[in-house]
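Asker: For reference, the file model.txt (compact mmCIF, C-alpha atoms) is included below:
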```txt
# COMPACT_ATOMS: atom_id res chain seq x y z
CA MET A 1 13.15 -41.60 17.86
CA LEU A 2 13.93 -40.40 14.34
CA ARG A 3 10.29 -40.90 13.39
CA LEU A 4 9.18 -38.72 16.32
CA LEU A 5 11.68 -36.01 15.31
CA GLY A 6 10.37 -36.19 11.76
CA ILE A 7 6.77 -35.80 12.94
CA LEU A 8 7.75 -32.87 15.16
CA ALA A 9 9.64 -31.17 12.34
CA THR A 10 6.67 -31.65 9.98
CA VAL A 11 4.26 -30.20 12.53
CA LEU A 12 6.51 -27.18 13.10
CA CYS A 13 6.82 -26.61 9.36
CA ALA A 14 3.04 -26.84 8.97
CA ILE A 15 2.54 -24.28 11.75
CA ALA A 16 5.12 -21.94 10.20
CA ALA A 17 3.43 -22.24 6.80
CA ALA A 18 0.02 -21.53 8.31
CA VAL A 19 1.31 -18.46 10.19
CA VAL A 20 2.86 -16.99 7.05
CA THR A 21 -0.24 -17.75 4.97
CA TRP A 22 -2.88 -16.49 7.44
CA PRO A 23 -1.02 -14.16 9.84
CA GLY A 24 -4.22 -12.35 10.79
CA PHE A 25 -5.76 -15.55 12.14
CA PHE A 26 -2.81 -15.93 14.52
CA ARG A 27 -2.74 -12.16 15.24
CA VAL A 28 0.93 -11.84 14.29
CA GLU A 29 0.50 -9.75 11.13
CA ARG A 30 2.17 -6.75 12.79
CA VAL A 31 4.88 -8.69 14.65
CA PHE A 32 8.54 -8.81 13.57
CA PRO A 33 9.63 -10.69 11.47
CA ILE A 34 6.27 -12.06 10.26
CA ALA A 35 5.25 -8.58 9.11
CA GLN A 36 8.26 -8.36 6.83
CA VAL A 37 7.79 -11.85 5.38
CA VAL A 38 4.09 -11.51 4.53
CA SER A 39 4.75 -8.25 2.66
CA PHE A 40 6.03 -10.31 -0.28
CA ARG A 41 3.41 -12.99 -0.80
CA GLY A 42 4.61 -13.70 -4.33
CA ILE A 43 8.09 -14.51 -3.03
CA VAL A 44 6.49 -16.67 -0.33
CA VAL A 45 4.84 -18.71 -3.11
CA LEU A 46 8.19 -19.15 -4.85
CA PHE A 47 9.83 -20.21 -1.58
CA PHE A 48 7.22 -22.89 -0.90
CA ALA A 49 7.37 -24.03 -4.52
CA ALA A 50 11.14 -24.48 -4.20
CA ALA A 51 10.61 -26.33 -0.91
CA LEU A 52 8.10 -28.61 -2.65
CA VAL A 53 10.56 -29.50 -5.40
CA LEU A 54 13.36 -30.10 -2.90
CA ALA A 55 11.14 -32.33 -0.74
CA LEU A 56 10.10 -34.38 -3.77
CA LEU A 57 13.74 -34.87 -4.70
CA LEU A 58 14.52 -35.98 -1.15
CA ALA A 59 11.67 -38.48 -1.38
CA ILE A 60 13.75 -40.46 -3.86
CA ALA A 61 15.86 -41.64 -0.92
CA ARG A 62 13.96 -44.48 0.79
CA PRO A 63 15.12 -43.75 4.41
CA VAL A 64 13.59 -40.24 4.43
CA ARG A 65 10.76 -40.81 1.97
CA GLY A 66 7.93 -40.55 4.49
CA PHE A 67 9.34 -37.39 6.05
CA ALA A 68 10.05 -35.82 2.66
CA LEU A 69 6.56 -36.56 1.33
CA ALA A 70 5.01 -35.04 4.45
CA LEU A 71 7.06 -31.86 3.91
CA ALA A 72 6.07 -31.88 0.24
CA LEU A 73 2.41 -32.01 1.25
CA VAL A 74 2.86 -29.03 3.58
CA ALA A 75 4.74 -27.03 0.95
CA GLY A 76 2.20 -27.94 -1.75
CA LEU A 77 -0.73 -26.81 0.37
CA ALA A 78 1.11 -23.56 1.17
CA VAL A 79 1.69 -22.91 -2.54
CA VAL A 80 -1.99 -23.46 -3.32
CA ALA A 81 -3.19 -21.34 -0.39
CA ASN A 82 -0.89 -18.39 -1.03
CA GLY A 83 -1.43 -18.60 -4.77
CA SER A 84 -5.19 -18.57 -4.24
CA ILE A 85 -4.93 -15.45 -2.08
CA ILE A 86 -2.97 -13.70 -4.84
CA VAL A 87 -5.59 -14.71 -7.41
CA LEU A 88 -8.46 -13.55 -5.19
CA ARG A 89 -6.76 -10.17 -4.82
CA GLY A 90 -6.54 -9.75 -8.56
CA GLY A 91 -3.68 -11.90 -9.78
CA THR A 92 -1.86 -10.12 -12.62
CA GLY A 93 -4.13 -7.10 -12.34
CA THR A 94 -6.61 -5.22 -14.48
CA GLU A 95 -6.29 -2.19 -16.73
CA PRO A 96 -7.06 0.32 -18.16
CA LEU A 97 -9.19 2.73 -16.13
CA PRO A 98 -12.85 3.08 -17.08
CA VAL A 99 -14.13 6.17 -18.90
CA LYS A 100 -14.24 9.11 -16.52
CA ALA A 101 -17.73 10.49 -15.95
CA GLU A 102 -18.58 14.01 -14.78
CA GLU A 103 -18.89 12.96 -11.13
CA SER A 104 -15.93 10.56 -11.18
CA VAL A 105 -12.89 11.34 -9.05
CA ARG A 106 -9.46 9.97 -9.88
CA VAL A 107 -6.89 9.65 -7.13
CA MET A 108 -3.20 9.09 -7.75
CA THR A 109 -0.49 8.28 -5.25
CA TRP A 110 3.23 8.12 -5.95
CA ASN A 111 6.07 8.04 -3.47
CA THR A 112 8.55 10.01 -5.58
CA ALA A 113 11.68 9.24 -3.51
CA GLY A 114 12.44 12.93 -3.19
CA PRO A 115 14.48 14.45 -6.02
CA ALA A 116 14.72 11.07 -7.77
CA THR A 117 11.59 11.93 -9.78
CA SER A 118 11.38 15.19 -11.71
CA PRO A 119 8.40 17.54 -11.29
CA ASP A 120 7.77 17.43 -15.05
CA THR A 121 7.47 13.62 -14.96
CA ILE A 122 5.03 13.74 -12.05
CA ALA A 123 2.97 16.45 -13.74
CA LYS A 124 2.78 14.66 -17.09
CA ILE A 125 1.62 11.41 -15.47
CA ALA A 126 -0.93 13.16 -13.25
CA VAL A 127 -2.36 15.03 -16.27
CA ALA A 128 -2.34 11.90 -18.44
CA MET A 129 -4.28 10.12 -15.70
CA ASP A 130 -6.64 13.13 -15.34
CA ALA A 131 -6.08 12.99 -11.57
CA ASP A 132 -8.21 15.14 -9.25
CA ILE A 133 -6.22 14.24 -6.14
CA VAL A 134 -2.48 13.51 -6.11
CA ALA A 135 -0.73 12.29 -2.94
CA LEU A 136 3.05 12.62 -3.10
CA PRO A 137 4.92 11.19 -0.09
CA GLU A 138 8.61 12.16 0.11
CA THR A 139 7.93 15.28 -1.91
CA THR A 140 8.66 18.82 -0.69
CA ILE A 141 6.19 21.65 -1.13
CA GLU A 142 8.72 23.33 -3.43
CA THR A 143 8.59 20.32 -5.74
CA GLY A 144 4.83 20.10 -5.31
CA GLU A 145 4.43 23.71 -6.43
CA LYS A 146 6.56 23.01 -9.51
CA VAL A 147 4.31 20.03 -10.27
CA ALA A 148 1.20 22.20 -9.87
CA ILE A 149 2.64 24.88 -12.18
CA ALA A 150 3.58 22.27 -14.79
CA MET A 151 0.08 20.79 -14.57
CA ARG A 152 -1.44 24.25 -14.96
CA ASP A 153 0.64 24.81 -18.08
CA LEU A 154 -0.80 21.54 -19.38
CA GLY A 155 -4.33 22.79 -18.75
CA HIS A 156 -4.93 20.97 -15.47
CA ARG A 157 -5.09 23.30 -12.43
CA MET A 158 -4.29 22.00 -8.95
CA TRP A 159 -3.78 23.53 -5.50
CA ALA A 160 -0.71 22.37 -3.54
CA HIS A 161 -0.80 21.54 0.17
CA HIS A 162 1.70 19.81 2.41
CA ALA A 163 2.70 18.62 5.87
CA GLU A 164 6.28 18.67 7.07
CA ASP A 165 8.33 17.19 9.91
CA HIS A 166 11.56 19.14 10.26
CA SER A 167 13.05 16.47 12.53
CA THR A 168 13.01 13.94 9.70
CA GLU A 169 15.95 14.09 7.34
CA TRP A 170 15.73 14.25 3.54
CA ASP A 171 12.48 14.68 1.62
CA ALA A 172 10.83 11.88 3.58
CA GLY A 173 10.10 14.64 6.10
CA SER A 174 7.56 16.18 3.72
CA THR A 175 4.34 14.95 2.13
CA THR A 176 2.67 17.01 -0.58
CA LEU A 177 -0.97 16.86 -1.64
CA LEU A 178 -2.45 18.30 -4.85
CA ILE A 179 -6.22 18.83 -5.11
CA SER A 180 -8.25 20.04 -8.06
CA PRO A 181 -10.14 23.33 -7.53
CA GLU A 182 -13.21 21.52 -8.89
CA LEU A 183 -13.44 19.72 -5.53
CA GLY A 184 -13.51 23.06 -3.69
CA ASP A 185 -11.06 24.88 -1.46
CA TYR A 186 -9.04 22.92 1.08
CA ALA A 187 -6.76 23.58 4.03
CA VAL A 188 -4.47 21.22 5.93
CA ILE A 189 -5.67 21.02 9.53
CA GLU A 190 -3.42 22.54 12.17
CA SER A 191 -2.84 19.33 14.12
CA SER A 192 -1.52 17.78 10.92
CA LEU A 193 0.75 20.77 10.28
CA ASP A 194 2.23 21.01 13.77
CA GLY A 195 2.47 17.24 14.25
CA SER A 196 0.33 17.10 17.39
CA SER A 197 -1.84 14.53 15.61
CA ASN A 198 -0.02 12.77 12.82
CA THR A 199 1.91 9.71 11.79
CA SER A 200 4.90 9.23 14.06
CA THR A 201 8.05 9.69 12.02
CA VAL A 202 7.24 10.75 8.47
CA PRO A 203 4.29 13.15 8.09
CA SER A 204 0.83 12.74 6.62
CA ALA A 205 -1.36 15.64 5.52
CA VAL A 206 -5.05 15.82 6.47
CA ALA A 207 -6.87 18.36 4.29
CA MET A 208 -10.38 19.52 5.14
CA PRO A 209 -12.74 21.20 2.66
CA THR A 210 -13.32 24.87 3.48
CA THR A 211 -15.87 25.27 0.66
CA GLY A 212 -18.05 22.77 -1.13
CA ASP A 213 -18.95 19.27 0.00
CA GLY A 214 -15.82 17.40 -1.06
CA PRO A 215 -14.27 14.60 0.98
CA VAL A 216 -11.68 14.93 3.69
CA VAL A 217 -8.44 14.02 1.92
CA VAL A 218 -5.55 12.32 3.72
CA ALA A 219 -2.14 12.10 2.03
CA VAL A 220 -0.55 9.20 3.86
CA HIS A 221 3.01 8.33 4.78
CA ALA A 222 3.50 5.75 7.53
CA VAL A 223 6.95 4.83 8.78
CA ALA A 224 8.48 1.65 7.37
CA PRO A 225 8.35 -1.43 9.67
CA ARG A 226 12.06 -1.62 10.37
CA PRO A 227 12.95 -3.56 13.54
CA SER A 228 13.59 -0.36 15.55
CA TYR A 229 10.35 1.28 14.33
CA MET A 230 7.85 -1.56 14.77
CA GLN A 231 5.83 0.13 17.54
CA SER A 232 5.81 3.45 15.66
CA TRP A 233 4.62 1.62 12.55
CA ARG A 234 1.81 -0.09 14.45
CA ASP A 235 0.82 3.27 15.98
CA ASP A 236 0.80 4.86 12.52
CA LEU A 237 -1.60 2.25 11.15
CA ARG A 238 -3.95 2.73 14.10
CA TRP A 239 -3.79 6.52 13.65
CA LEU A 240 -4.61 6.15 9.96
CA ALA A 241 -7.54 3.87 10.80
CA ASP A 242 -8.85 6.60 13.12
CA GLN A 243 -8.68 9.16 10.30
CA CYS A 244 -11.23 7.18 8.31
CA GLY A 245 -14.27 7.49 10.49
CA ASP A 246 -17.86 7.29 9.34
CA THR A 247 -17.53 10.47 7.28
CA ASN A 248 -16.65 11.31 3.67
CA VAL A 249 -12.94 10.43 3.42
CA ILE A 250 -10.42 9.58 0.72
CA MET A 251 -6.95 8.40 1.77
CA ALA A 252 -3.97 7.86 -0.51
CA GLY A 253 -0.25 7.38 -0.07
CA ASP A 254 2.53 5.12 1.13
CA PHE A 255 1.10 3.11 4.01
CA ASN A 256 4.21 0.91 4.21
CA ALA A 257 1.76 -1.91 4.86
CA THR A 258 -0.15 -4.46 2.83
CA VAL A 259 -3.78 -5.35 3.48
CA ASP A 260 -2.50 -8.32 5.51
CA HIS A 261 -0.99 -5.91 8.02
CA MET A 262 -4.33 -4.10 8.36
CA SER A 263 -6.15 -7.17 9.63
CA GLY A 264 -8.35 -6.23 12.57
CA LEU A 265 -8.12 -2.48 11.89
CA GLY A 266 -11.16 -2.28 9.61
CA MET A 267 -14.75 -1.68 10.67
CA GLY A 268 -17.76 -3.48 9.20
CA GLY A 269 -15.81 -5.29 6.52
CA ALA A 270 -13.71 -2.27 5.51
CA THR A 271 -9.94 -2.45 5.11
CA LEU A 272 -8.78 0.30 7.48
CA GLY A 273 -11.16 2.15 9.72
CA HIS A 274 -14.25 2.73 7.58
CA CYS A 275 -12.20 2.89 4.36
CA THR A 276 -12.01 0.16 1.72
CA ASP A 277 -8.96 -0.43 -0.47
CA GLY A 278 -9.65 0.67 -4.05
CA ALA A 279 -7.06 -1.51 -5.79
CA LEU A 280 -8.22 -4.59 -3.90
CA ALA A 281 -11.84 -3.90 -4.88
CA THR A 282 -10.97 -3.54 -8.58
CA GLY A 283 -8.57 -6.44 -9.15
CA ASN A 284 -5.16 -4.86 -8.56
CA GLY A 285 -4.69 -5.69 -4.90
CA ALA A 286 -1.92 -8.24 -5.51
CA LEU A 287 0.40 -6.04 -7.58
CA GLY A 288 3.47 -4.76 -5.79
CA THR A 289 4.01 -1.00 -5.82
CA TRP A 290 7.43 -1.43 -4.16
CA SER A 291 10.05 -2.04 -5.23
CA VAL A 292 10.33 -1.30 -8.96
CA GLY A 293 13.40 -3.53 -9.02
CA ILE A 294 11.29 -6.70 -8.96
CA HIS A 295 8.24 -7.95 -10.87
CA PRO A 296 4.93 -6.53 -9.57
CA LEU A 297 3.69 -10.01 -8.59
CA LEU A 298 6.75 -10.42 -6.37
CA GLY A 299 6.71 -6.91 -4.91
CA ALA A 300 4.91 -5.50 -1.89
CA PRO A 301 1.58 -3.69 -2.43
CA ILE A 302 2.21 -1.04 0.23
CA ASP A 303 0.84 2.04 -1.57
CA HIS A 304 -2.92 2.38 -1.35
CA VAL A 305 -5.90 4.51 -2.26
CA MET A 306 -8.84 4.04 0.07
CA ALA A 307 -12.23 5.65 0.51
CA SER A 308 -15.19 5.58 2.86
CA ARG A 309 -18.61 4.17 2.00
CA HIS A 310 -19.46 7.43 0.21
CA TRP A 311 -17.42 6.23 -2.79
CA ARG A 312 -17.36 3.17 -5.04
CA ALA A 313 -14.12 2.19 -6.75
CA SER A 314 -14.79 1.57 -10.44
CA GLY A 315 -11.27 0.90 -11.65
CA SER A 316 -7.58 1.13 -10.85
CA VAL A 317 -4.17 0.76 -12.43
CA VAL A 318 -0.63 0.22 -11.17
CA LEU A 319 1.65 1.94 -13.67
CA ARG A 320 4.48 -0.38 -14.63
CA SER A 321 5.91 1.80 -17.43
CA LEU A 322 7.68 4.20 -15.04
CA ASP A 323 10.06 1.79 -13.34
CA GLU A 324 13.00 3.73 -14.77
CA SER A 325 11.70 7.14 -13.70
CA GLY A 326 13.87 7.34 -10.57
CA SER A 327 11.47 6.45 -7.77
CA ASP A 328 11.51 3.02 -6.14
CA HIS A 329 7.68 3.03 -6.02
CA ARG A 330 5.12 2.55 -8.77
CA PRO A 331 2.26 5.04 -9.15
CA LEU A 332 -1.22 3.81 -8.28
CA ILE A 333 -4.39 5.41 -9.65
CA VAL A 334 -7.95 4.60 -8.56
CA GLN A 335 -11.16 5.98 -10.05
CA TYR A 336 -14.14 6.51 -7.76
CA GLU A 337 -17.81 7.15 -8.39
CA PRO A 338 -20.25 8.56 -5.79
CA ALA A 339 -21.81 5.61 -3.99
CA GLY A 340 -25.32 6.96 -3.95
```
What does the file become when written as structure tokens?

Answerer:
Amino acid sequence: MLRLLGILATVLCAIAAAVVTWPGFFRVERVFPIAQVVSFRGIVVLFFAAALVLALLLAIARPVRGFALALALVAGLAVVANGSIIVLRGGTGTEPLPVKAEESVRVMTWNTAGPATSPDTIAKIAVAMDADIVALPETTIETGEKVAIAMRDLGHRMWAHHAEDHSTEWDAGSTTLLISPELGDYAVIESSLDGSSNTSTVPSAVAMPTTGDGPVVVAVHAVAPRPSYMQSWRDDLRWLADQCGDTNVIMAGDFNATVDHMSGLGMGGATLGHCTDGALATGNGALGTWSVGIHPLLGAPIDHVMASRHWRASGSVVLRSLDESGSDHRPLIVQYEPAG
């Protein structure tokens, strides 16, 4: 009887490990609480490593040796599998950005946590990164205008756009988007402004070019997958996938989702809709952008810059030097080159 219980427990542990490691295969990547667990793959590795050590210690006792060794095998395989996924997504990351060519476009996203990050800090980083597009979730248009003015004073002109949801409290109800005049003139589409077509709880801004042949630019903010917002979060990811059709699109912002959560939402090998994740393509897909309170390899990579097939990501960087700036997110910058 005890042997049967041991076999059953081992099988259940193996299934649980497989679900956490490959949630997309089991189609539970957007189901509570699996969605929350897989956000932190680095912590998952540490958990299975601790389980491996504990099982090996238990194996010292002869009565439970077989059971303990079986659990150790499951935990060991989970460590290897999850560790391999982290390595394939870039491991400890790559930097710095490549030299910017005349046709290159740099895109920066930074959830500023409202007033926690000063406009001067945002402006200095955006200018230092030579950003052409800056997506600022949880940033009011008043702050965005101050950032644009500070960038202008530093010799880097930008136009400020935004979308706002007055029903959402605090600065999370506003998303600001800065675009260089070199990309042309832009306007946020009406359905994005009035919320008739937008993310569900916190707003995203969809800016269309009114002159020139620049890309459609989407400044993203999806609601966080809290237990009471799971359906809204799933709807937000599907809406964002729809925004990246087979046209010239660049998306950047706080998706509140890792690439694991986007399984099944990409088309033709893309990550989300027809857009491919820039950090993942350039070796920074494993670095956590949230929260700054933990090491990047243990954090959740939920901020993304994505682009359609019209662009090729040539480099990216997750800035780790600003963890004391006030925001709980790290800035992410991706450089793109025209694909053809």

Asker: Taking all atoms listed in the file into account, which of A:Thr10, A:Thr94, A:Ser196, A:Ser321 comes nearest Asn284 (chain A)?

Answerer: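 Using all atoms listed in the file, Asn284 (chain A) sits closest to A:Thr94.
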
Asker: Quick one: distance from CA of Lys146 (chain A) to CA of Ser191 (chain A) in Å, one decimal?

Answerer: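 Separation between CA of Lys146 (chain A) and CA of Ser191 (chain A): 25.7 Å.
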
Asker: How close does region 160-241 of chain A get to region 257-275 of chain A? List, as a tab-separated table, each residue of region 160-241 of chain A within 9 Å, its nearest atom pair and the distance in Å to one decimal, counting all atoms listed in the file.

Answerer:
```
residue	atom	partner	partner_atom	distance
A:Ala222	CA	A:Ala257	CA	8.3
A:Ala224	CA	A:Ala257	CA	8.0
A:Pro225	CA	A:Ala257	CA	8.2
A:Trp233	CA	A:Ala257	CA	8.9
A:Leu237	CA	A:Met262	CA	7.5
A:Arg238	CA	A:Leu265	CA	7.0
A:Leu240	CA	A:Leu272	CA	7.6
A:Ala241	CA	A:Gly273	CA	4.2
```

Asker: For the atom pair CA of His161 (chain A) and CA of Val188 (chain A), what is the interatomic distance in Å to one decimal place?

Answerer: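 We find that CA of His161 (chain A) and CA of Val188 (chain A) lie 6.8 Å from each other.
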
Asker: Quick check, in Å to one decimal: how far apart do CA of Gly91 (chain A) and CA of Pro301 (chain A) lie?

Answerer: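 Interatomic distance, CA of Gly91 (chain A) to CA of Pro301 (chain A): 12.2 Å.
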
Asker: Just want the 7 Å neighbourhood of region 172-187 of chain A, counted on only C-alpha atoms, with same-chain residues fewer than 3 positions away dropped. Output as a PyMOL selection string.

Answerer: chain A and resi 132-141+144+157-166+168-169+202-205+207-212+214+219

Asker: With C-alpha atoms retained, export the selected residues as a CSV table (one decimal), in the coordinates of the input.

Answerer:
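Listed below is the output, out24.csv:
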```
chain,number,residue,atom,x,y,z
A,132,ASP,CA,-8.2,15.1,-9.2
A,133,ILE,CA,-6.2,14.2,-6.1
A,134,VAL,CA,-2.5,13.5,-6.1
A,135,ALA,CA,-0.7,12.3,-2.9
A,136,LEU,CA,3.0,12.6,-3.1
A,137,PRO,CA,4.9,11.2,-0.1
A,138,GLU,CA,8.6,12.2,0.1
A,139,THR,CA,7.9,15.3,-1.9
A,140,THR,CA,8.7,18.8,-0.7
A,141,ILE,CA,6.2,21.6,-1.1
A,144,GLY,CA,4.8,20.1,-5.3
A,157,ARG,CA,-5.1,23.3,-12.4
A,158,MET,CA,-4.3,22.0,-9.0
A,159,TRP,CA,-3.8,23.5,-5.5
A,160,ALA,CA,-0.7,22.4,-3.5
A,161,HIS,CA,-0.8,21.5,0.2
A,162,HIS,CA,1.7,19.8,2.4
A,163,ALA,CA,2.7,18.6,5.9
A,164,GLU,CA,6.3,18.7,7.1
A,165,ASP,CA,8.3,17.2,9.9
A,166,HIS,CA,11.6,19.1,10.3
A,168,THR,CA,13.0,13.9,9.7
A,169,GLU,CA,16.0,14.1,7.3
A,202,VAL,CA,7.2,10.8,8.5
A,203,PRO,CA,4.3,13.2,8.1
A,204,SER,CA,0.8,12.7,6.6
A,205,ALA,CA,-1.4,15.6,5.5
A,207,ALA,CA,-6.9,18.4,4.3
A,208,MET,CA,-10.4,19.5,5.1
A,209,PRO,CA,-12.7,21.2,2.7
A,210,THR,CA,-13.3,24.9,3.5
A,211,THR,CA,-15.9,25.3,0.7
A,212,GLY,CA,-18.0,22.8,-1.1
A,214,GLY,CA,-15.8,17.4,-1.1
A,219,ALA,CA,-2.1,12.1,2.0
```

Asker: Pick the closest to Thr282 (chain A) from A:Gln231, A:Asn248, A:Gln36, A:Thr92: which is it, counting only C-alpha atoms?

Answerer: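 Smallest separation from Thr282 (chain A) among the options: A:Thr92.
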
Asker: Go ahead and find all residues with at least one atom no further than 9 Å from (12.1, -26.8, 5.1) in the file's coordinates, using all atoms listed in the file; report them as an NGL selection string.

Answerer: :A and (9-10 or 13 or 48 or 51-52 or 54-55 or 71 or 75)

Asker: Would you pick out the contacts of His310 (chain A) at 10 Å or less, using only C-alpha atoms, so that residues sharing its chain but fewer than 4 positions from it are not included, and give the list as a list in words?

Answerer: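 Near neighbours after the sequence-gap exclusion: Pro215, Asp246, Thr247, Asn248, Val249, Ile250, Cys275, Tyr336, Glu337, Pro338, Ala339 and Gly340 of chain A.
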
Asker: Would you save the residues from that selection as an mmCIF file, in the coordinates of the input, using C-alpha atoms?

Answerer:
```cif
data_model
loop_
_atom_site.group_PDB
_atom_site.id
_atom_site.type_symbol
_atom_site.label_atom_id
_atom_site.label_comp_id
_atom_site.auth_asym_id
_atom_site.auth_seq_id
_atom_site.Cartn_x
_atom_site.Cartn_y
_atom_site.Cartn_z
ATOM 1 C CA PRO A 215 -14.270 14.600 0.980
ATOM 2 C CA ASP A 246 -17.860 7.290 9.340
ATOM 3 C CA THR A 247 -17.530 10.470 7.280
ATOM 4 C CA ASN A 248 -16.650 11.310 3.670
ATOM 5 C CA VAL A 249 -12.940 10.430 3.420
ATOM 6 C CA ILE A 250 -10.420 9.580 0.720
ATOM 7 C CA CYS A 275 -12.200 2.890 4.360
ATOM 8 C CA TYR A 336 -14.140 6.510 -7.760
ATOM 9 C CA GLU A 337 -17.810 7.150 -8.390
ATOM 10 C CA PRO A 338 -20.250 8.560 -5.790
ATOM 11 C CA ALA A 339 -21.810 5.610 -3.990
ATOM 12 C CA GLY A 340 -25.320 6.960 -3.950
#
```

Asker: With distances taken over all atoms listed in the file, which of A:Gly6, A:Pro33, A:Pro23, A:Gly195 is nearest to Ser228 (chain A)?

Answerer: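 Distance minimum relative to Ser228 (chain A) lands on A:Pro33.
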
Asker: Which is closer to Leu280 (chain A) than all the others in A:Ile294, A:Val20, A:Ile85, A:Leu322, using only C-alpha atoms?

Answerer: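 Of the candidates, the smallest distance to Leu280 (chain A) is held by A:Ile85.
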
Asker: So which one's closest to Ala50 (chain A), A:Ala252, A:Ala16, A:Ala72, A:Leu97? Using only C-alpha atoms, please.

Answerer: A:Ala72

Asker: For Ala116 (chain A), which of A:Arg312, A:Val218, A:Val305, A:Asp171 is the closest residue, counting all atoms listed in the file?

Answerer: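 When distances to Ala116 (chain A) are compared using all atoms listed in the file, the smallest one comes from A:Asp171.
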
Asker: Show which residues sit within 12 Å of Phe47 (chain A), as JSON, numbers by chain. Count all atoms listed in the file, and ignore same-chain residues fewer than 2 positions away.

Answerer: {"A": [17, 20, 37, 40, 41, 42, 43, 44, 45, 49, 50, 51, 52, 53, 54, 75, 76, 78, 79, 82, 83, 298]}

Asker: For a cutoff of 6 Å around the file-coordinate point (-9.7, 10.4, -13.2), which residues qualify once you count all atoms listed in the file? I'd like the result as a ChimeraX atom specification.

Answerer: /A:100,105-106,129-131,335
